[in-house]
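Shown below: model_30.cif, with mmCIF, C-alpha atoms.
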```cif
data_entry
#
loop_
_atom_site.label_atom_id
_atom_site.label_comp_id
_atom_site.auth_asym_id
_atom_site.auth_seq_id
_atom_site.Cartn_x
_atom_site.Cartn_y
_atom_site.Cartn_z
CA MET A 1 -132.32 -23.18 -63.28
CA ARG A 2 -135.70 -24.50 -64.39
CA SER A 3 -136.65 -27.27 -66.79
CA PRO A 4 -139.47 -26.31 -69.17
CA GLU A 5 -142.11 -28.77 -70.19
CA GLY A 6 -140.38 -31.33 -72.38
CA GLY A 7 -137.00 -29.74 -71.69
CA PRO A 8 -133.77 -31.39 -70.55
CA ARG A 9 -133.75 -33.61 -67.52
CA LEU A 10 -131.98 -32.54 -64.32
CA ALA A 11 -128.76 -34.40 -65.14
CA GLU A 12 -128.56 -32.67 -68.52
CA LEU A 13 -129.24 -29.28 -66.95
CA GLN A 14 -126.44 -29.88 -64.46
CA ARG A 15 -124.07 -30.97 -67.22
CA ARG A 16 -124.80 -27.83 -69.25
CA PHE A 17 -124.49 -25.58 -66.21
CA PHE A 18 -121.12 -27.11 -65.33
CA ALA A 19 -119.77 -26.85 -68.89
CA LEU A 20 -120.76 -23.17 -69.13
CA VAL A 21 -119.41 -22.20 -65.72
CA VAL A 22 -116.00 -23.88 -66.01
CA ALA A 23 -115.27 -22.69 -69.56
CA ALA A 24 -112.00 -20.78 -69.31
CA ASP A 25 -112.96 -18.28 -72.03
CA GLY A 26 -116.40 -17.38 -70.69
CA VAL A 27 -120.05 -18.34 -71.00
CA THR A 28 -120.79 -16.88 -74.46
CA PRO A 29 -118.00 -18.77 -76.31
CA ALA A 30 -119.00 -21.91 -74.43
CA LEU A 31 -122.59 -21.47 -75.64
CA ARG A 32 -121.37 -21.33 -79.23
CA ARG A 33 -119.31 -24.48 -78.79
CA ALA A 34 -122.35 -26.25 -77.39
CA ALA A 35 -124.45 -25.05 -80.36
CA LEU A 36 -126.74 -23.15 -77.98
CA SER A 37 -128.07 -19.63 -78.36
CA GLU A 38 -128.76 -17.10 -75.65
CA GLY A 39 -132.43 -17.82 -76.31
CA ASP A 40 -131.82 -21.47 -75.46
CA LEU A 41 -130.18 -20.38 -72.23
CA ASP A 42 -133.12 -18.09 -71.41
CA ALA A 43 -135.34 -21.15 -71.45
CA LEU A 44 -133.19 -22.72 -68.73
CA VAL A 45 -131.99 -19.83 -66.56
CA VAL A 46 -134.27 -17.13 -65.22
CA GLY A 47 -133.00 -13.61 -65.82
CA ASP A 48 -134.32 -10.31 -64.51
CA GLN A 49 -133.92 -6.57 -65.06
CA ARG A 50 -130.49 -6.54 -63.44
CA ARG A 51 -128.90 -9.48 -65.27
CA ASP A 52 -129.95 -11.72 -68.11
CA ALA A 53 -129.26 -15.45 -68.14
CA VAL A 54 -125.73 -15.06 -69.53
CA GLY A 55 -124.89 -12.38 -66.96
CA ARG A 56 -126.07 -14.60 -64.12
CA LEU A 57 -123.95 -17.51 -65.26
CA GLU A 58 -120.96 -15.20 -65.78
CA ILE A 59 -121.02 -14.49 -62.03
CA TYR A 60 -120.50 -18.17 -61.29
CA ALA A 61 -117.95 -18.52 -64.08
CA GLY A 62 -115.93 -15.56 -62.78
CA MET A 63 -115.97 -16.87 -59.23
CA TYR A 64 -114.88 -20.31 -60.40
CA PHE A 65 -112.00 -19.02 -62.55
CA HIS A 66 -110.65 -16.61 -59.98
CA ARG A 67 -110.73 -19.25 -57.26
CA LEU A 68 -108.59 -21.51 -59.46
CA LEU A 69 -106.37 -18.57 -60.40
CA ASP A 70 -105.76 -17.88 -56.71
CA VAL A 71 -104.88 -21.53 -56.07
CA LEU A 72 -102.37 -21.66 -58.93
CA GLY A 73 -100.96 -18.29 -57.93
CA ALA A 74 -100.28 -19.67 -54.43
CA ASP A 75 -98.61 -22.78 -55.87
CA TYR A 76 -96.55 -20.91 -58.48
CA PRO A 77 -95.71 -17.48 -57.02
CA LYS A 78 -92.25 -17.28 -58.62
CA LEU A 79 -93.58 -18.13 -62.08
CA ALA A 80 -96.22 -15.42 -61.68
CA ALA A 81 -93.55 -12.96 -60.53
CA VAL A 82 -91.34 -13.66 -63.55
CA ILE A 83 -93.99 -13.37 -66.27
CA GLY A 84 -96.23 -10.78 -64.59
CA GLN A 85 -99.78 -11.11 -63.33
CA SER A 86 -101.48 -10.37 -66.66
CA ALA A 87 -99.47 -13.00 -68.51
CA PHE A 88 -99.97 -15.43 -65.63
CA THR A 89 -103.75 -14.92 -65.83
CA ARG A 90 -103.68 -15.64 -69.57
CA LEU A 91 -101.49 -18.70 -68.94
CA VAL A 92 -103.97 -20.01 -66.38
CA ARG A 93 -106.86 -19.52 -68.83
CA ASP A 94 -104.97 -21.46 -71.49
CA PHE A 95 -104.04 -24.14 -68.98
CA LEU A 96 -107.58 -24.64 -67.66
CA ASP A 97 -108.91 -24.78 -71.20
CA ALA A 98 -106.45 -27.56 -72.08
CA CYS A 99 -106.23 -29.24 -68.67
CA PRO A 100 -109.47 -28.67 -66.73
CA SER A 101 -109.61 -29.58 -63.08
CA GLN A 102 -110.34 -33.30 -62.72
CA HIS A 103 -109.90 -33.91 -58.99
CA PRO A 104 -112.27 -33.06 -56.12
CA SER A 105 -109.35 -31.40 -54.29
CA LEU A 106 -107.72 -28.25 -55.64
CA ARG A 107 -104.46 -29.53 -54.16
CA HIS A 108 -103.87 -31.41 -57.43
CA LEU A 109 -104.90 -28.63 -59.80
CA GLY A 110 -101.37 -27.53 -60.71
CA ALA A 111 -99.82 -30.96 -61.22
CA ARG A 112 -99.84 -30.68 -65.01
CA LEU A 113 -98.79 -27.04 -65.25
CA PRO A 114 -94.99 -27.58 -65.62
CA ALA A 115 -95.50 -29.85 -68.64
CA PHE A 116 -98.03 -27.39 -70.07
CA VAL A 117 -95.65 -24.46 -69.63
CA GLU A 118 -92.98 -26.40 -71.53
CA ARG A 119 -95.30 -26.49 -74.57
CA HIS A 120 -96.69 -22.96 -74.16
CA LEU A 121 -95.75 -19.97 -76.29
CA LEU A 122 -94.19 -18.35 -73.23
CA SER A 123 -91.42 -20.95 -73.36
CA ASP A 124 -90.43 -20.08 -76.91
CA GLU A 125 -88.29 -17.21 -75.62
CA ARG A 126 -87.84 -18.47 -72.06
CA PRO A 127 -87.57 -22.27 -72.13
CA TRP A 128 -86.42 -22.26 -68.50
CA LEU A 129 -89.91 -21.31 -67.29
CA ALA A 130 -90.84 -25.01 -67.24
CA ASP A 131 -87.84 -25.69 -64.95
CA LEU A 132 -89.01 -22.97 -62.58
CA ALA A 133 -92.53 -24.42 -62.59
CA SER A 134 -91.14 -27.91 -61.93
CA LEU A 135 -89.21 -26.61 -58.93
CA GLU A 136 -92.28 -24.87 -57.54
CA TRP A 137 -94.48 -27.95 -57.93
CA ALA A 138 -91.84 -30.14 -56.27
CA ARG A 139 -91.91 -27.78 -53.30
CA VAL A 140 -95.71 -28.05 -53.12
CA THR A 141 -95.53 -31.84 -53.29
CA VAL A 142 -92.78 -32.10 -50.68
CA PHE A 143 -94.67 -29.87 -48.26
CA ASP A 144 -97.56 -32.33 -48.27
CA ALA A 145 -95.42 -35.49 -48.13
CA PRO A 146 -95.56 -37.77 -45.06
CA ASP A 147 -93.44 -37.05 -42.01
CA ALA A 148 -90.74 -39.49 -40.92
CA PRO A 149 -88.35 -39.70 -37.96
CA THR A 150 -84.84 -38.66 -38.92
CA ARG A 151 -81.34 -39.65 -37.90
CA THR A 152 -79.12 -36.97 -36.41
CA LEU A 153 -75.44 -36.40 -36.96
CA GLU A 154 -74.81 -36.75 -33.22
CA GLY A 155 -76.67 -40.06 -33.12
CA VAL A 156 -74.69 -41.53 -36.00
CA ARG A 157 -71.40 -40.33 -34.52
CA GLY A 158 -72.27 -42.29 -31.41
CA LEU A 159 -72.49 -45.59 -33.27
CA ALA A 160 -69.81 -48.24 -32.82
CA PRO A 161 -67.28 -48.28 -35.71
CA GLU A 162 -68.32 -51.78 -36.73
CA ALA A 163 -71.91 -50.57 -37.23
CA PHE A 164 -71.04 -48.07 -39.96
CA PRO A 165 -70.73 -50.45 -42.96
CA GLU A 166 -74.32 -51.68 -42.44
CA LEU A 167 -75.79 -48.27 -41.64
CA PRO A 168 -78.85 -47.84 -43.91
CA LEU A 169 -79.32 -44.48 -45.63
CA PRO A 170 -83.00 -44.25 -46.61
CA LEU A 171 -84.03 -40.71 -47.44
CA ILE A 172 -87.17 -39.16 -45.98
CA PRO A 173 -90.40 -39.35 -48.00
CA ALA A 174 -90.56 -35.55 -48.07
CA HIS A 175 -87.92 -35.11 -50.75
CA GLN A 176 -87.76 -34.96 -54.53
CA ILE A 177 -85.02 -34.73 -57.14
CA VAL A 178 -85.81 -32.27 -59.95
CA VAL A 179 -83.89 -32.51 -63.22
CA VAL A 180 -83.53 -29.08 -64.83
CA GLY A 181 -81.92 -27.69 -67.94
CA SER A 182 -81.02 -24.33 -66.39
CA ARG A 183 -79.90 -22.82 -63.11
CA VAL A 184 -83.38 -21.72 -62.07
CA GLU A 185 -82.28 -21.55 -58.44
CA GLU A 186 -80.55 -18.30 -59.48
CA VAL A 187 -83.93 -16.83 -60.49
CA TRP A 188 -85.48 -18.05 -57.23
CA ARG A 189 -82.69 -16.50 -55.19
CA ARG A 190 -82.96 -13.11 -56.94
CA ILE A 191 -86.73 -12.95 -56.46
CA GLU A 192 -86.33 -13.83 -52.77
CA ALA A 193 -83.80 -10.99 -52.48
CA GLY A 194 -86.22 -8.53 -54.07
CA GLN A 195 -84.16 -8.24 -57.25
CA ALA A 196 -85.18 -8.47 -60.91
CA PRO A 197 -85.41 -12.18 -61.77
CA GLY A 198 -83.45 -12.00 -65.00
CA ALA A 199 -82.62 -15.18 -66.87
CA PRO A 200 -80.75 -18.14 -65.38
CA SER A 201 -77.50 -19.63 -66.57
CA THR A 202 -77.87 -22.63 -68.83
CA GLY A 203 -76.68 -26.06 -67.87
CA ARG A 204 -78.39 -29.33 -67.10
CA GLY A 205 -78.39 -30.32 -63.46
CA ARG A 206 -80.40 -31.56 -60.51
CA LEU A 207 -82.01 -29.92 -57.53
CA ILE A 208 -82.94 -31.69 -54.33
CA VAL A 209 -86.08 -30.41 -52.63
CA TRP A 210 -86.94 -31.47 -49.09
CA ARG A 211 -88.91 -30.45 -46.02
CA GLN A 212 -87.63 -30.07 -42.49
CA ASP A 213 -90.50 -29.62 -40.04
CA PHE A 214 -92.69 -27.02 -41.78
CA ILE A 215 -90.02 -25.43 -43.96
CA VAL A 216 -89.22 -26.54 -47.53
CA TYR A 217 -85.67 -26.18 -48.83
CA HIS A 218 -83.94 -26.81 -52.12
CA ARG A 219 -80.34 -26.75 -53.31
CA VAL A 220 -78.22 -27.80 -56.24
CA VAL A 221 -77.01 -31.39 -56.21
CA ASP A 222 -73.26 -31.64 -56.77
CA VAL A 223 -72.24 -33.84 -59.69
CA ALA A 224 -70.37 -36.19 -57.35
CA GLU A 225 -73.46 -36.45 -55.13
CA VAL A 226 -75.78 -37.73 -57.87
CA PRO A 227 -74.69 -41.41 -57.72
CA ALA A 228 -74.77 -41.28 -53.91
CA LEU A 229 -78.41 -40.14 -53.98
CA GLU A 230 -79.24 -42.87 -56.48
CA LEU A 231 -77.66 -45.47 -54.20
CA ALA A 232 -79.56 -44.15 -51.19
CA ALA A 233 -82.81 -44.34 -53.16
CA ALA A 234 -81.99 -47.98 -53.99
CA GLY A 235 -81.55 -48.83 -50.29
CA ALA A 236 -77.75 -48.77 -50.11
CA THR A 237 -75.76 -48.78 -46.88
CA PHE A 238 -72.87 -46.57 -45.86
CA GLY A 239 -70.50 -49.40 -46.75
CA ALA A 240 -71.97 -49.65 -50.26
CA LEU A 241 -71.58 -45.90 -50.67
CA CYS A 242 -67.90 -46.15 -49.71
CA GLU A 243 -67.41 -48.97 -52.23
CA SER A 244 -69.04 -46.92 -55.00
CA LEU A 245 -66.57 -44.10 -54.34
CA ALA A 246 -63.52 -46.38 -54.10
CA PRO A 247 -62.50 -46.62 -57.79
CA GLY A 248 -59.61 -44.23 -58.40
CA ARG A 249 -59.35 -43.26 -54.73
CA GLN A 250 -57.52 -44.45 -51.67
CA PRO A 251 -59.89 -46.27 -49.25
CA GLU A 252 -59.55 -43.54 -46.64
CA ASP A 253 -60.36 -40.86 -49.25
CA ALA A 254 -63.47 -42.76 -50.36
CA ALA A 255 -64.60 -43.15 -46.75
CA ARG A 256 -63.99 -39.46 -46.04
CA LEU A 257 -65.98 -38.37 -49.11
CA ALA A 258 -68.81 -40.74 -48.18
CA TRP A 259 -68.86 -39.36 -44.63
CA GLU A 260 -68.91 -35.75 -45.86
CA THR A 261 -71.86 -36.56 -48.10
CA VAL A 262 -73.82 -38.41 -45.43
CA SER A 263 -73.05 -35.72 -42.83
CA ARG A 264 -74.57 -33.15 -45.14
CA TRP A 265 -77.71 -35.25 -45.46
CA LEU A 266 -77.91 -35.77 -41.71
CA LEU A 267 -77.57 -32.06 -40.94
CA ALA A 268 -80.33 -31.31 -43.43
CA GLY A 269 -82.65 -33.93 -41.91
CA LEU A 270 -82.69 -35.98 -45.10
CA VAL A 271 -82.02 -39.44 -43.65
CA THR A 272 -84.87 -41.26 -41.99
CA ALA A 273 -84.31 -43.46 -38.98
#
```

Would you mind writing the file's structure down as structure tokens?
Amino acid sequence: MRSPEGGPRLAELQRRFFALVVAADGVTPALRRAALSEGDLDALVVGDQRRDAVGRLEIYAGMYFHRLLDVLGADYPKLAAVIGQSAFTRLVRDFLDACPSQHPSLRHLGARLPAFVERHLLSDERPWLADLASLEWARVTVFDAPDAPTRTLEGVRGLAPEAFPELPLPLIPAHQIVVVGSRVEEVWRRIEAGQAPGAPSTGRGRLIVWRQDFIVYHRVVDVAEVPALELAAAGATFGALCESLAPGRQPEDAARLAWETVSRWLLAGLVTA
């Protein structure tokens, strides 16, 4: 770019260049929004016989958009599979127009996509798409979460009986609970099996997403498990978990249910040491 005599200063040239390149709908519409003509652009960008000023900027704009499209496609592969690549490309254009990238790292680009999908026209007929996007973003977030040492089932079994009531149950940092209004794990499972995704069953529920080593897992949280997870998040001990399950049950039944729940967490690597 060049600044003609009396033209914009470097900072203004950079601002205009950035605005034109990152516009989701292309350079020409962005020129109109900025009240600039192609003649104005010719005074700032040198064209030649192969490409005029707009054509040159379109190269940068196309590279920028497709890089962001690739990033979001990697973060939301199941959403792209359900709606198709053409619709996903249009969704990404709409998303970037409403929620442009604001962080130096592309790792955070897709953080606002689930909420955007919930308001998008695509969700008029398929409101569960936002649930699917929320699950995918939780998996991205969990993959990047900090590591932590975990307790093992064998190690806990080796504890003295009197140590169990005070056994802490903190969950690993690499986990999230996702509240959904549909059984989107059904859609996930069908896509993984190479089947048509179809539509999920309705029904509000929770999914737990966690990472073990370099693999991310998710599963449905049983209704009876929800209060146990809430207690663990609040720093409860095994004894407190037993007490929470005691109403309406014999003490041995409450202890058995608590142990079954905690054993499941231990086997999954969900409890940090």

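Near A:Glu252, within a cut-off of 12 Å and counting only C-alpha atoms, sit the residues A:Cys242, A:Glu243, A:Leu245, A:Ala246, A:Ala258, A:Trp259, with same-chain residues fewer than 6 positions away left out.
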
Determine, counting all atoms listed in the file, which protein, DNA and RNA residues have an atom within 9 Å of an atom of A:Asp97; residues of the same chain fewer than 6 positions away are not included. Present the result as an MDAnalysis selection string.
chainID A and resid 22:25

Would you kindly return, as a PyMOL selection string, each protein, DNA or RNA residue with an atom no farther than 10 Å from any atom of A:Pro146, considering all atoms listed in the file and excluding same-chain residues fewer than 2 positions away?
chain A and resi 142-144+148+172-175+211

Selection under test: the PyMOL selection byres ((chain A and resi 82) around 9); residues as a list in words
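With the PyMOL selection byres ((chain A and resi 82) around 9) on this model, the match is Pro77, Lys78, Leu79, Ala80, Ala81, Ile83, Gly84, Gln85, Leu129, Val187, Ile191, Ala196, Pro197 and Gly198 of chain A.
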
Counting only C-alpha atoms, what is within 9 Å of stretch 100-110 of chain A, bar same-chain residues fewer than 4 positions away, as number ranges by chain?
A: 22-24, 68, 71-72, 75-76, 95-96, 114, 137, 140

Using all atoms listed in the file, which residues sit within 10 Å of A:Gly155 once same-chain residues fewer than 4 positions away are excluded, as a PyMOL selection string?
chain A and resi 151+159+266

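With distances restricted to all atoms listed in the file, A:Val209 is the closest residue to A:Ala145 from A:Met63, A:Ser244, A:Leu20, A:Val209.
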
Stretch 131-190 of chain A from the block above: C-alpha atoms written as a short mmCIF file (atom, residue, chain, number, x, y, z; two decimals), in the first residue's frame:
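Contents of result-v3.cif, as written:
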```
data_model
loop_
_atom_site.label_atom_id
_atom_site.label_comp_id
_atom_site.auth_asym_id
_atom_site.auth_seq_id
_atom_site.Cartn_x
_atom_site.Cartn_y
_atom_site.Cartn_z
CA ASP A 131 -26.39 -28.38 22.04
CA LEU A 132 -24.14 -30.18 19.57
CA ALA A 133 -21.96 -27.08 19.23
CA SER A 134 -21.78 -26.74 23.03
CA LEU A 135 -20.61 -30.34 23.32
CA GLU A 136 -17.95 -29.83 20.67
CA TRP A 137 -16.63 -26.65 22.28
CA ALA A 138 -16.51 -28.34 25.70
CA ARG A 139 -14.35 -31.06 24.15
CA VAL A 140 -12.01 -28.42 22.70
CA THR A 141 -11.77 -26.67 26.06
CA VAL A 142 -11.18 -29.87 28.01
CA PHE A 143 -8.43 -30.97 25.65
CA ASP A 144 -6.47 -27.82 26.49
CA ALA A 145 -7.19 -27.87 30.24
CA PRO A 146 -4.33 -28.39 32.72
CA ASP A 147 -3.15 -31.89 33.62
CA ALA A 148 -3.49 -33.18 37.17
CA PRO A 149 -2.43 -36.36 38.98
CA THR A 150 -5.34 -38.73 39.49
CA ARG A 151 -6.38 -41.22 42.12
CA THR A 152 -6.77 -44.84 41.07
CA LEU A 153 -9.38 -47.33 42.14
CA GLU A 154 -6.66 -49.66 43.41
CA GLY A 155 -5.11 -46.88 45.48
CA VAL A 156 -8.39 -45.95 47.13
CA ARG A 157 -9.21 -49.59 47.84
CA GLY A 158 -5.95 -49.79 49.73
CA LEU A 159 -6.92 -47.05 52.17
CA ALA A 160 -7.75 -47.88 55.78
CA PRO A 161 -11.53 -48.00 56.43
CA GLU A 162 -11.33 -45.06 58.82
CA ALA A 163 -9.84 -42.90 56.04
CA PHE A 164 -12.87 -43.17 53.76
CA PRO A 165 -15.18 -40.59 55.42
CA GLU A 166 -12.57 -37.84 54.96
CA LEU A 167 -11.50 -38.89 51.47
CA PRO A 168 -11.66 -35.74 49.29
CA LEU A 169 -13.21 -36.05 45.83
CA PRO A 170 -11.93 -33.09 43.79
CA LEU A 171 -12.47 -33.60 40.08
CA ILE A 172 -9.68 -32.99 37.58
CA PRO A 173 -9.46 -29.56 35.90
CA ALA A 174 -9.90 -31.21 32.50
CA HIS A 175 -13.64 -31.74 32.83
CA GLN A 176 -16.82 -29.83 32.07
CA ILE A 177 -20.53 -30.37 32.63
CA VAL A 178 -22.66 -29.43 29.62
CA VAL A 179 -26.38 -28.83 30.10
CA VAL A 180 -28.33 -29.81 26.97
CA GLY A 181 -31.95 -29.84 25.91
CA SER A 182 -31.62 -32.91 23.68
CA ARG A 183 -29.78 -36.21 23.47
CA VAL A 184 -27.09 -34.92 21.13
CA GLU A 185 -24.79 -37.76 22.13
CA GLU A 186 -27.03 -39.90 19.89
CA VAL A 187 -26.11 -37.72 16.90
CA TRP A 188 -22.43 -37.89 17.86
CA ARG A 189 -22.55 -41.67 18.14
CA ARG A 190 -24.24 -42.11 14.75
#
```
